[in-house]
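S.K.: Structure below; questions to follow.
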Amino acid sequence: MPRPADSPLAPLPAAPDLAAAAAAWLVHLAGERRLSERTIEAYGRDARQFLAFLGERFGAPPGIADFTDCAPGDLRAFLARRRAEGVNGRSLQRALSGLRSLARHIVRESGRTAAALGALRAPKAARRLPRPLSALDARAVTSIAAREGEAREPWVLARDAAVLALLYGAGLRISEALSIRRADAPVGTMDAITVVGKGQKSRSAPIIAPVRKAIEDYLALCPYRLTPDGPLFVGVKGGRLSPRIVQLAMARMRGALGLPDSATPHALRHSFATHLLARGGDLRTIQDLLGHASLSTTQVYTGVDSARLLAAYRSAHPRA
């Protein structure tokens, strides 16, 4: 069966030598580099768009020689087109990063160097501060009480509350929370759980008493027999819970509590970090808890705290 056109492993608009090299590169990213499926899909789309652009520019599907010999002007023209199509600076940075990764793969395999990719400066991206919830709103989102009016089964409400409690109380990503096995459920006296995050890196996440209680309440109501090696969180038909269901649950909470559109499940992870920092947590510890590879990624939360202090000053100081 043919692959969809937007599949990262679909046939690429390139000559056979470059198409084979790009396909091998994507397999390498998935296998040896162990990048996430979403990252590989994004890199595959970016590569396909660039190769199609080169094909238009050169009048024929590009080969490895065309890719490595392209000029800085070719790259700038591609990025300019993408920006004109509404692509933001962050996505353009990712596209350039992916093309550089492909170039490194090609130089390893064939010895041909794409000098222009190394010389081109990455587009600037606006630095966006995370938008956490207030502590009061974050606690409300993770509470069953705030959802009692919903016409949904009690065990489903308890399940959603337990997942959201993990995102806020332990700083997990949705994918990390939904990958927890039943055998590893943090209940009883457990005060930490090992999760596998981006890049297949494992870390220990703290489990506080309210989070344990939320998970125990869910397990007490769940109508399905959960096998030890199966998922902790299941859908209404007993299969693995989809991230989309968690996003929809959060959307309903936004409506019930009058929260802004920025109140997403991932915002609970931002809230975890921001509230820890506001209570005196140090950046290195927060970096470890979030599983960030670089401290610079964690430092963005200092900007959130400073912005809040400035806003409070401007609203309250008599001479502001």
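Residues in the structure tokens are numbered from 1 in each chain, the chains being A, B, ... in the order shown, and ligands are numbered from 1 in the order shown.
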Which residues of segment 193-284 of chain A come within 9 Å of segment 158-173 of chain A, and what is each one's closest atom pair and distance in Å (one decimal), counting only C-alpha atoms, sorted by chain and residue number, as CSV?
M.R.:
residue,atom,partner,partner_atom,distance
A:Val195,CA,A:Leu172,CA,8.5
A:Gly197,CA,A:Arg173,CA,8.0
A:Ala205,CA,A:Ala170,CA,5.9
A:Pro206,CA,A:Ala170,CA,5.7
A:Ile207,CA,A:Ala170,CA,6.1
A:Ile208,CA,A:Gly169,CA,6.9
A:Pro210,CA,A:Ala165,CA,7.9
A:Val211,CA,A:Ala165,CA,5.6
A:Arg212,CA,A:Ala162,CA,8.4
A:Lys213,CA,A:Ala162,CA,8.4
A:Ala214,CA,A:Ala162,CA,4.8
A:Ile215,CA,A:Ala162,CA,5.1
A:Glu216,CA,A:Ala162,CA,8.5
A:Asp217,CA,A:Ala158,CA,6.5
A:Tyr218,CA,A:Ala158,CA,4.8
A:Leu219,CA,A:Arg159,CA,8.1
A:Leu221,CA,A:Ala158,CA,7.7
A:Cys222,CA,A:Arg159,CA,8.0
A:Phe233,CA,A:Arg159,CA,7.0
A:Val234,CA,A:Arg159,CA,8.3
A:Ile245,CA,A:Asp160,CA,8.6
A:Val246,CA,A:Asp160,CA,6.6
A:Ala249,CA,A:Asp160,CA,6.9
A:Met250,CA,A:Leu164,CA,8.3
A:Pro265,CA,A:Leu164,CA,7.0
A:His266,CA,A:Arg173,CA,6.6
A:Ala267,CA,A:Tyr168,CA,8.5
A:Leu268,CA,A:Tyr168,CA,4.7
A:Arg269,CA,A:Gly171,CA,4.6
A:His270,CA,A:Gly171,CA,7.6
A:Ser271,CA,A:Tyr168,CA,6.6
A:Phe272,CA,A:Tyr168,CA,5.2
A:Ala273,CA,A:Gly171,CA,7.1
S.K.: Identify, on the basis of only C-alpha atoms, every residue whose closest approach to Ala256 of chain A does not exceed 12 Å; exclude the query and any residue fewer than 2 positions from it along the same chain; express the result as an mmCIF file with N, CA and C atoms, in the first residue's frame.
M.R.:
data_model
loop_
_atom_site.group_PDB
_atom_site.id
_atom_site.type_symbol
_atom_site.label_atom_id
_atom_site.label_comp_id
_atom_site.auth_asym_id
_atom_site.auth_seq_id
_atom_site.Cartn_x
_atom_site.Cartn_y
_atom_site.Cartn_z
ATOM 1 N N ASP A 137 -5.888 28.094 39.835
ATOM 2 C CA ASP A 137 -6.488 27.486 38.644
ATOM 3 C C ASP A 137 -5.918 26.103 38.367
ATOM 4 N N ALA A 140 -7.567 23.688 40.594
ATOM 5 C CA ALA A 140 -8.963 23.467 40.187
ATOM 6 C C ALA A 140 -9.045 22.512 39.000
ATOM 7 N N VAL A 141 -8.114 22.662 38.046
ATOM 8 C CA VAL A 141 -8.102 21.815 36.852
ATOM 9 C C VAL A 141 -7.884 20.350 37.216
ATOM 10 N N ALA A 145 -13.951 17.835 41.608
ATOM 11 C CA ALA A 145 -15.062 18.678 42.042
ATOM 12 C C ALA A 145 -15.442 19.707 40.992
ATOM 13 N N ALA A 146 -14.441 20.215 40.261
ATOM 14 C CA ALA A 146 -14.713 21.241 39.249
ATOM 15 C C ALA A 146 -15.435 20.668 38.038
ATOM 16 N N ARG A 147 -15.556 19.343 37.937
ATOM 17 C CA ARG A 147 -16.159 18.715 36.759
ATOM 18 C C ARG A 147 -17.403 17.900 37.102
ATOM 19 N N GLU A 148 -17.927 18.098 38.305
ATOM 20 C CA GLU A 148 -19.039 17.261 38.748
ATOM 21 C C GLU A 148 -20.287 17.434 37.890
ATOM 22 N N GLY A 149 -20.420 18.569 37.206
ATOM 23 C CA GLY A 149 -21.608 18.792 36.386
ATOM 24 C C GLY A 149 -21.559 18.102 35.037
ATOM 25 N N GLU A 150 -20.425 17.524 34.673
ATOM 26 C CA GLU A 150 -20.297 16.878 33.365
ATOM 27 C C GLU A 150 -21.035 15.533 33.336
ATOM 28 N N ALA A 249 -10.452 17.051 27.474
ATOM 29 C CA ALA A 249 -10.842 17.228 28.883
ATOM 30 C C ALA A 249 -10.391 18.590 29.391
ATOM 31 N N MET A 250 -9.185 18.988 28.998
ATOM 32 C CA MET A 250 -8.672 20.298 29.407
ATOM 33 C C MET A 250 -9.498 21.411 28.761
ATOM 34 N N ALA A 251 -9.918 21.222 27.530
ATOM 35 C CA ALA A 251 -10.743 22.230 26.853
ATOM 36 C C ALA A 251 -12.066 22.419 27.588
ATOM 37 N N ARG A 252 -12.651 21.317 28.059
ATOM 38 C CA ARG A 252 -13.902 21.439 28.825
ATOM 39 C C ARG A 252 -13.661 22.188 30.130
ATOM 40 N N MET A 253 -12.507 21.961 30.741
ATOM 41 C CA MET A 253 -12.189 22.665 31.977
ATOM 42 C C MET A 253 -11.990 24.154 31.719
ATOM 43 N N ARG A 254 -11.403 24.492 30.572
ATOM 44 C CA ARG A 254 -11.248 25.908 30.233
ATOM 45 C C ARG A 254 -12.599 26.602 30.190
ATOM 46 N N GLY A 258 -13.547 29.307 32.911
ATOM 47 C CA GLY A 258 -13.281 30.592 32.296
ATOM 48 C C GLY A 258 -11.805 30.872 32.082
ATOM 49 N N LEU A 259 -11.050 29.849 31.717
ATOM 50 C CA LEU A 259 -9.610 29.996 31.523
ATOM 51 C C LEU A 259 -9.310 30.352 30.072
ATOM 52 N N PRO A 260 -8.157 30.975 29.804
ATOM 53 C CA PRO A 260 -7.801 31.344 28.433
ATOM 54 C C PRO A 260 -7.411 30.123 27.600
#
S.K.: Pull the alpha helix (DSSP H) assignments for segment 17-134 of chain A out of DSSP run on the backbone, and list those residues as a short mmCIF file (atom, residue, chain, number, x, y, z; two decimals) with N, CA, C and O atoms, in the first residue's frame.
M.R.:
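Result saved to part-v9.cif:
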data_model
loop_
_atom_site.label_atom_id
_atom_site.label_comp_id
_atom_site.auth_asym_id
_atom_site.auth_seq_id
_atom_site.Cartn_x
_atom_site.Cartn_y
_atom_site.Cartn_z
N ASP A 17 19.74 8.90 -5.94
CA ASP A 17 20.82 8.89 -4.95
C ASP A 17 20.46 9.73 -3.73
O ASP A 17 20.67 9.31 -2.59
N LEU A 18 19.86 10.91 -3.94
CA LEU A 18 19.49 11.76 -2.80
C LEU A 18 18.27 11.21 -2.07
O LEU A 18 18.20 11.28 -0.84
N ALA A 19 17.31 10.66 -2.81
CA ALA A 19 16.13 10.07 -2.17
C ALA A 19 16.54 8.93 -1.25
O ALA A 19 16.04 8.80 -0.12
N ALA A 20 17.50 8.09 -1.71
CA ALA A 20 17.96 6.98 -0.88
C ALA A 20 18.71 7.48 0.35
O ALA A 20 18.54 6.95 1.46
N ALA A 21 19.52 8.52 0.16
CA ALA A 21 20.29 9.07 1.29
C ALA A 21 19.35 9.68 2.32
O ALA A 21 19.54 9.50 3.54
N ALA A 22 18.32 10.41 1.86
CA ALA A 22 17.39 11.04 2.78
C ALA A 22 16.56 9.99 3.52
O ALA A 22 16.31 10.12 4.72
N ALA A 23 16.15 8.93 2.82
CA ALA A 23 15.40 7.87 3.48
C ALA A 23 16.25 7.17 4.53
O ALA A 23 15.78 6.88 5.64
N ALA A 24 17.52 6.92 4.23
CA ALA A 24 18.42 6.29 5.20
C ALA A 24 18.64 7.21 6.40
O ALA A 24 18.77 6.75 7.54
N TRP A 25 18.69 8.50 6.15
CA TRP A 25 18.86 9.48 7.23
C TRP A 25 17.68 9.44 8.19
O TRP A 25 17.88 9.41 9.42
N LEU A 26 16.45 9.37 7.66
CA LEU A 26 15.28 9.32 8.53
C LEU A 26 15.25 8.03 9.35
O LEU A 26 14.89 8.04 10.53
N VAL A 27 15.64 6.93 8.73
CA VAL A 27 15.72 5.66 9.46
C VAL A 27 16.77 5.76 10.57
O VAL A 27 16.57 5.27 11.69
N HIS A 28 17.88 6.41 10.28
CA HIS A 28 18.95 6.61 11.27
C HIS A 28 18.43 7.42 12.46
O HIS A 28 18.71 7.11 13.63
N LEU A 29 17.66 8.47 12.17
CA LEU A 29 17.12 9.31 13.25
C LEU A 29 16.20 8.50 14.15
O LEU A 29 16.21 8.67 15.37
N ALA A 30 15.39 7.63 13.54
CA ALA A 30 14.45 6.83 14.32
C ALA A 30 15.14 5.72 15.09
O ALA A 30 14.76 5.41 16.22
N GLY A 31 16.17 5.12 14.48
CA GLY A 31 16.84 3.97 15.10
C GLY A 31 17.95 4.35 16.04
O GLY A 31 17.81 4.25 17.27
N GLU A 37 8.75 10.37 17.19
CA GLU A 37 8.05 10.23 15.91
C GLU A 37 7.66 11.59 15.35
O GLU A 37 7.75 11.83 14.14
N ARG A 38 7.24 12.49 16.22
CA ARG A 38 6.82 13.82 15.76
C ARG A 38 8.00 14.60 15.18
O ARG A 38 7.85 15.31 14.18
N THR A 39 9.17 14.48 15.81
CA THR A 39 10.35 15.18 15.30
C THR A 39 10.74 14.64 13.93
O THR A 39 11.06 15.40 13.01
N ILE A 40 10.70 13.33 13.78
CA ILE A 40 11.06 12.71 12.49
C ILE A 40 10.06 13.12 11.42
O ILE A 40 10.44 13.41 10.28
N GLU A 41 8.77 13.17 11.77
CA GLU A 41 7.77 13.61 10.80
C GLU A 41 8.04 15.05 10.37
O GLU A 41 7.93 15.39 9.18
N ALA A 42 8.38 15.90 11.33
CA ALA A 42 8.65 17.31 11.01
C ALA A 42 9.89 17.43 10.12
O ALA A 42 9.88 18.17 9.12
N TYR A 43 10.96 16.71 10.45
CA TYR A 43 12.16 16.74 9.63
C TYR A 43 11.88 16.22 8.22
O TYR A 43 12.40 16.75 7.22
N GLY A 44 11.07 15.16 8.14
CA GLY A 44 10.72 14.62 6.84
C GLY A 44 9.95 15.61 5.99
O GLY A 44 10.21 15.74 4.79
N ARG A 45 9.00 16.31 6.60
CA ARG A 45 8.24 17.33 5.85
C ARG A 45 9.15 18.46 5.39
O ARG A 45 9.07 18.92 4.25
N ASP A 46 10.03 18.91 6.29
CA ASP A 46 10.93 20.01 5.94
C ASP A 46 11.84 19.60 4.78
O ASP A 46 12.05 20.38 3.84
N ALA A 47 12.39 18.38 4.82
CA ALA A 47 13.28 17.92 3.76
C ALA A 47 12.51 17.81 2.44
O ALA A 47 13.02 18.20 1.38
N ARG A 48 11.28 17.28 2.51
CA ARG A 48 10.49 17.14 1.29
C ARG A 48 10.20 18.50 0.66
O ARG A 48 10.28 18.68 -0.56
N GLN A 49 9.88 19.49 1.49
CA GLN A 49 9.59 20.83 0.97
C GLN A 49 10.84 21.45 0.34
O GLN A 49 10.75 22.08 -0.72
N PHE A 50 12.00 21.24 0.97
CA PHE A 50 13.22 21.83 0.42
C PHE A 50 13.61 21.15 -0.89
O PHE A 50 14.03 21.81 -1.85
N LEU A 51 13.50 19.84 -0.94
CA LEU A 51 13.86 19.12 -2.17
C LEU A 51 12.91 19.48 -3.31
O LEU A 51 13.34 19.60 -4.46
N ALA A 52 11.62 19.65 -2.99
CA ALA A 52 10.67 20.08 -4.03
C ALA A 52 11.02 21.48 -4.52
O ALA A 52 10.93 21.77 -5.72
N PHE A 53 11.46 22.34 -3.59
CA PHE A 53 11.87 23.70 -3.97
C PHE A 53 13.09 23.66 -4.89
O PHE A 53 13.14 24.36 -5.91
N LEU A 54 14.08 22.81 -4.55
CA LEU A 54 15.25 22.70 -5.42
C LEU A 54 14.88 22.16 -6.79
O LEU A 54 15.43 22.58 -7.82
N GLY A 55 13.91 21.22 -6.83
CA GLY A 55 13.47 20.69 -8.10
C GLY A 55 12.87 21.78 -8.99
O GLY A 55 13.12 21.82 -10.20
N GLU A 56 12.07 22.66 -8.37
CA GLU A 56 11.52 23.78 -9.13
C GLU A 56 12.64 24.71 -9.60
O GLU A 56 12.62 25.20 -10.74
N ARG A 57 13.60 24.94 -8.74
CA ARG A 57 14.67 25.91 -9.03
C ARG A 57 15.60 25.40 -10.13
O ARG A 57 16.06 26.17 -10.98
N PHE A 58 15.89 24.09 -10.10
CA PHE A 58 16.85 23.52 -11.05
C PHE A 58 16.17 22.90 -12.27
O PHE A 58 16.83 22.51 -13.24
N ILE A 64 22.33 14.30 -5.00
CA ILE A 64 23.22 14.65 -3.90
C ILE A 64 24.11 15.83 -4.29
O ILE A 64 24.34 16.75 -3.49
N ALA A 65 24.60 15.85 -5.52
CA ALA A 65 25.47 16.95 -5.95
C ALA A 65 24.72 18.28 -5.92
O ALA A 65 25.28 19.31 -5.53
N ASP A 66 23.46 18.28 -6.32
CA ASP A 66 22.67 19.51 -6.28
C ASP A 66 22.46 19.98 -4.84
O ASP A 66 22.53 21.17 -4.54
N PHE A 67 22.21 19.02 -3.94
CA PHE A 67 21.98 19.35 -2.54
C PHE A 67 23.24 19.94 -1.91
O PHE A 67 23.19 20.96 -1.21
N THR A 68 24.38 19.29 -2.12
CA THR A 68 25.61 19.76 -1.48
C THR A 68 26.18 21.01 -2.14
O THR A 68 26.89 21.79 -1.50
N ASP A 69 25.85 21.23 -3.42
CA ASP A 69 26.40 22.39 -4.13
C ASP A 69 25.47 23.60 -4.10
O ASP A 69 25.81 24.65 -4.67
N PRO A 72 24.15 29.69 -0.80
CA PRO A 72 23.40 30.36 0.27
C PRO A 72 22.14 31.05 -0.24
O PRO A 72 21.12 31.09 0.44
N GLY A 73 22.22 31.59 -1.48
CA GLY A 73 21.04 32.24 -2.05
C GLY A 73 19.88 31.29 -2.25
O GLY A 73 18.71 31.68 -2.09
N ASP A 74 20.17 30.01 -2.56
CA ASP A 74 19.11 29.02 -2.70
C ASP A 74 18.42 28.79 -1.35
O ASP A 74 17.18 28.71 -1.28
N LEU A 75 19.22 28.69 -0.31
CA LEU A 75 18.67 28.45 1.02
C LEU A 75 17.86 29.65 1.50
O LEU A 75 16.77 29.50 2.07
N ARG A 76 18.41 30.85 1.26
CA ARG A 76 17.68 32.05 1.68
C ARG A 76 16.37 32.20 0.94
O ARG A 76 15.35 32.60 1.51
N ALA A 77 16.37 31.84 -0.33
CA ALA A 77 15.13 31.91 -1.12
C ALA A 77 14.09 30.91 -0.59
O ALA A 77 12.89 31.22 -0.53
N PHE A 78 14.54 29.71 -0.22
CA PHE A 78 13.63 28.72 0.35
C PHE A 78 13.03 29.21 1.66
O PHE A 78 11.81 29.15 1.87
N LEU A 79 13.88 29.73 2.57
CA LEU A 79 13.39 30.22 3.86
C LEU A 79 12.47 31.41 3.67
O LEU A 79 11.46 31.55 4.39
N ALA A 80 12.78 32.28 2.70
CA ALA A 80 11.93 33.44 2.44
C ALA A 80 10.55 33.00 1.95
O ALA A 80 9.52 33.57 2.34
N ARG A 81 10.52 31.98 1.10
CA ARG A 81 9.23 31.48 0.62
C ARG A 81 8.42 30.92 1.77
O ARG A 81 7.21 31.19 1.88
N ARG A 82 9.07 30.13 2.62
CA ARG A 82 8.35 29.53 3.75
C ARG A 82 7.82 30.61 4.70
O ARG A 82 6.70 30.50 5.21
N ARG A 83 8.62 31.66 4.93
CA ARG A 83 8.14 32.74 5.80
C ARG A 83 6.96 33.46 5.16
O ARG A 83 6.00 33.82 5.85
N ALA A 84 7.01 33.66 3.84
CA ALA A 84 5.89 34.30 3.13
C ALA A 84 4.63 33.45 3.21
O ALA A 84 3.51 33.98 3.13
N GLY A 89 9.43 31.83 12.77
CA GLY A 89 10.88 31.69 12.89
C GLY A 89 11.31 30.40 13.55
O GLY A 89 12.33 29.81 13.18
N ARG A 90 10.56 29.94 14.55
CA ARG A 90 10.93 28.71 15.25
C ARG A 90 10.87 27.51 14.31
O ARG A 90 11.74 26.64 14.33
N SER A 91 9.84 27.47 13.47
CA SER A 91 9.72 26.36 12.52
C SER A 91 10.80 26.43 11.44
O SER A 91 11.30 25.41 10.98
N LEU A 92 11.18 27.65 11.06
CA LEU A 92 12.26 27.80 10.09
C LEU A 92 13.58 27.34 10.69
O LEU A 92 14.41 26.73 10.00
N GLN A 93 13.80 27.62 11.97
CA GLN A 93 15.00 27.13 12.65
C GLN A 93 15.03 25.61 12.64
O GLN A 93 16.08 25.00 12.41
N ARG A 94 13.88 25.00 12.90
CA ARG A 94 13.81 23.53 12.89
C ARG A 94 14.10 22.99 11.51
O ARG A 94 14.81 21.99 11.36
N ALA A 95 13.56 23.65 10.47
CA ALA A 95 13.80 23.20 9.10
C ALA A 95 15.29 23.25 8.77
O ALA A 95 15.85 22.30 8.20
N LEU A 96 15.95 24.34 9.15
CA LEU A 96 17.38 24.47 8.87
C LEU A 96 18.17 23.44 9.66
O LEU A 96 19.14 22.85 9.16
N SER A 97 17.76 23.19 10.90
CA SER A 97 18.43 22.18 11.72
C SER A 97 18.30 20.80 11.09
O SER A 97 19.27 20.02 11.05
N GLY A 98 17.12 20.47 10.56
CA GLY A 98 16.92 19.18 9.92
C GLY A 98 17.75 19.04 8.66
O GLY A 98 18.35 17.98 8.42
N LEU A 99 17.82 20.09 7.86
CA LEU A 99 18.63 20.04 6.63
C LEU A 99 20.11 19.89 6.95
O LEU A 99 20.84 19.19 6.24
N ARG A 100 20.55 20.53 8.03
CA ARG A 100 21.95 20.37 8.45
C ARG A 100 22.22 18.95 8.91
O ARG A 100 23.29 18.39 8.68
N SER A 101 21.22 18.36 9.58
CA SER A 101 21.36 16.97 10.01
C SER A 101 21.47 16.06 8.79
O SER A 101 22.29 15.13 8.76
N LEU A 102 20.66 16.31 7.76
CA LEU A 102 20.75 15.53 6.53
C LEU A 102 22.12 15.72 5.88
O LEU A 102 22.73 14.75 5.39
N ALA A 103 22.62 16.95 5.88
CA ALA A 103 23.94 17.22 5.29
C ALA A 103 25.04 16.46 6.02
O ALA A 103 25.97 15.93 5.40
N ARG A 104 24.94 16.39 7.35
CA ARG A 104 25.95 15.63 8.12
C ARG A 104 25.89 14.15 7.78
O ARG A 104 26.93 13.48 7.70
N HIS A 105 24.68 13.64 7.56
CA HIS A 105 24.54 12.24 7.18
C HIS A 105 25.18 12.00 5.82
O HIS A 105 25.91 11.00 5.63
N ILE A 106 24.96 12.92 4.89
CA ILE A 106 25.51 12.76 3.54
C ILE A 106 27.03 12.83 3.55
O ILE A 106 27.71 12.05 2.87
N VAL A 107 27.59 13.74 4.37
CA VAL A 107 29.05 13.84 4.39
C VAL A 107 29.66 12.58 5.01
O VAL A 107 30.74 12.13 4.61
N ARG A 108 28.96 11.97 5.96
CA ARG A 108 29.46 10.72 6.56
C ARG A 108 29.44 9.59 5.55
O ARG A 108 30.34 8.75 5.52
N GLU A 109 28.39 9.56 4.73
CA GLU A 109 28.22 8.45 3.80
C GLU A 109 28.97 8.63 2.48
O GLU A 109 29.43 7.66 1.88
N SER A 110 29.09 9.89 2.02
CA SER A 110 29.67 10.10 0.69
C SER A 110 30.88 11.02 0.68
O SER A 110 31.60 11.10 -0.32
N ALA A 115 28.50 23.14 2.05
CA ALA A 115 29.10 24.29 2.73
C ALA A 115 28.08 25.37 3.04
O ALA A 115 28.15 26.04 4.08
N ALA A 116 27.12 25.58 2.15
CA ALA A 116 26.15 26.67 2.35
C ALA A 116 25.32 26.47 3.61
O ALA A 116 24.99 27.43 4.31
N LEU A 117 24.99 25.22 3.92
CA LEU A 117 24.18 24.96 5.11
C LEU A 117 24.93 25.32 6.38
O LEU A 117 24.34 25.78 7.36
N GLY A 118 26.24 25.11 6.38
CA GLY A 118 27.03 25.46 7.55
C GLY A 118 27.26 26.95 7.69
O GLY A 118 27.44 27.46 8.79
N ALA A 119 27.22 27.67 6.57
CA ALA A 119 27.52 29.10 6.60
C ALA A 119 26.31 29.97 6.87
O ALA A 119 26.45 31.10 7.34
#
S.K.: For the atom pair atom CA of Thr227 of chain A and atom CA of Arg181 of chain A, what is the interatomic distance in Å to one decimal place?
M.R.: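 Taking atom CA of Thr227 of chain A as the start and atom CA of Arg181 of chain A as the end point, the length is 8.6 Å.
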S.K.: Which residues are near Arg203 of chain A? Cut-off 10 Å, only C-alpha atoms, ignore same chain within fewer than 2 positions. Put them as a ChimeraX atom specification.
M.R.: /A:192-197,200-201,205-206,288-291
S.K.: Determine which residues of segment 103-249 of chain A receive a DSSP assignment of strand (DSSP E), computed from the backbone, and state them as a PyMOL selection string.
M.R.: chain A and resi 192-196+202-206
S.K.: Those same residues, written as an mmCIF file, in the first residue's frame with N, CA, C and O atoms?
M.R.:
data_model
loop_
_atom_site.group_PDB
_atom_site.id
_atom_site.type_symbol
_atom_site.label_atom_id
_atom_site.label_comp_id
_atom_site.auth_asym_id
_atom_site.auth_seq_id
_atom_site.Cartn_x
_atom_site.Cartn_y
_atom_site.Cartn_z
ATOM 1 N N ALA A 192 8.159 8.582 44.064
ATOM 2 C CA ALA A 192 8.822 8.940 42.807
ATOM 3 C C ALA A 192 8.521 7.874 41.770
ATOM 4 O O ALA A 192 8.165 6.738 42.109
ATOM 5 N N ILE A 193 8.649 8.263 40.514
ATOM 6 C CA ILE A 193 8.449 7.322 39.410
ATOM 7 C C ILE A 193 9.478 7.630 38.331
ATOM 8 O O ILE A 193 9.845 8.792 38.132
ATOM 9 N N THR A 194 9.957 6.600 37.668
ATOM 10 C CA THR A 194 10.909 6.783 36.570
ATOM 11 C C THR A 194 10.133 6.884 35.266
ATOM 12 O O THR A 194 9.317 6.015 34.951
ATOM 13 N N VAL A 195 10.365 7.972 34.530
ATOM 14 C CA VAL A 195 9.695 8.166 33.240
ATOM 15 C C VAL A 195 10.748 8.310 32.160
ATOM 16 O O VAL A 195 11.891 8.691 32.431
ATOM 17 N N VAL A 196 10.353 7.992 30.937
ATOM 18 C CA VAL A 196 11.244 8.121 29.785
ATOM 19 C C VAL A 196 10.762 9.297 28.952
ATOM 20 O O VAL A 196 9.632 9.309 28.473
ATOM 21 N N SER A 202 15.783 8.787 30.607
ATOM 22 C CA SER A 202 14.947 8.516 31.780
ATOM 23 C C SER A 202 15.298 9.479 32.908
ATOM 24 O O SER A 202 16.430 9.957 33.011
ATOM 25 N N ARG A 203 14.309 9.773 33.732
ATOM 26 C CA ARG A 203 14.528 10.629 34.895
ATOM 27 C C ARG A 203 13.549 10.224 35.984
ATOM 28 O O ARG A 203 12.546 9.541 35.720
ATOM 29 N N SER A 204 13.839 10.641 37.192
ATOM 30 C CA SER A 204 12.964 10.362 38.322
ATOM 31 C C SER A 204 12.075 11.570 38.571
ATOM 32 O O SER A 204 12.561 12.695 38.691
ATOM 33 N N ALA A 205 10.764 11.345 38.601
ATOM 34 C CA ALA A 205 9.807 12.430 38.839
ATOM 35 C C ALA A 205 9.171 12.231 40.211
ATOM 36 O O ALA A 205 8.794 11.113 40.568
ATOM 37 N N PRO A 206 9.046 13.297 40.994
ATOM 38 C CA PRO A 206 8.476 13.171 42.338
ATOM 39 C C PRO A 206 6.970 12.951 42.294
ATOM 40 O O PRO A 206 6.285 13.477 41.404
#
S.K.: Any idea what the distance is between atom CA of Leu178 of chain A and atom CA of Pro231 of chain A?
M.R.: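 Separating atom CA of Leu178 of chain A from atom CA of Pro231 of chain A is a distance of 7.2 Å.
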S.K.: For the atom pair atom CA of Thr142 of chain A and atom CA of Asp229 of chain A, what is the interatomic distance in Å to one decimal place?
M.R.: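 Separation between atom CA of Thr142 of chain A and atom CA of Asp229 of chain A: 26.1 Å.
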S.K.: Rank A:Val87, A:Leu133, A:Ile144, A:Leu35 by their smallest atom-to-atom distance to Val156 of chain A, using only C-alpha atoms, and report the top residue only.
M.R.: A:Ile144
S.K.: Calculated over only C-alpha atoms, which of the candidates A:Leu136, A:Leu232, A:Leu120, A:Ala263 has the smallest distance to Ser179 of chain A?
M.R.: A:Leu232
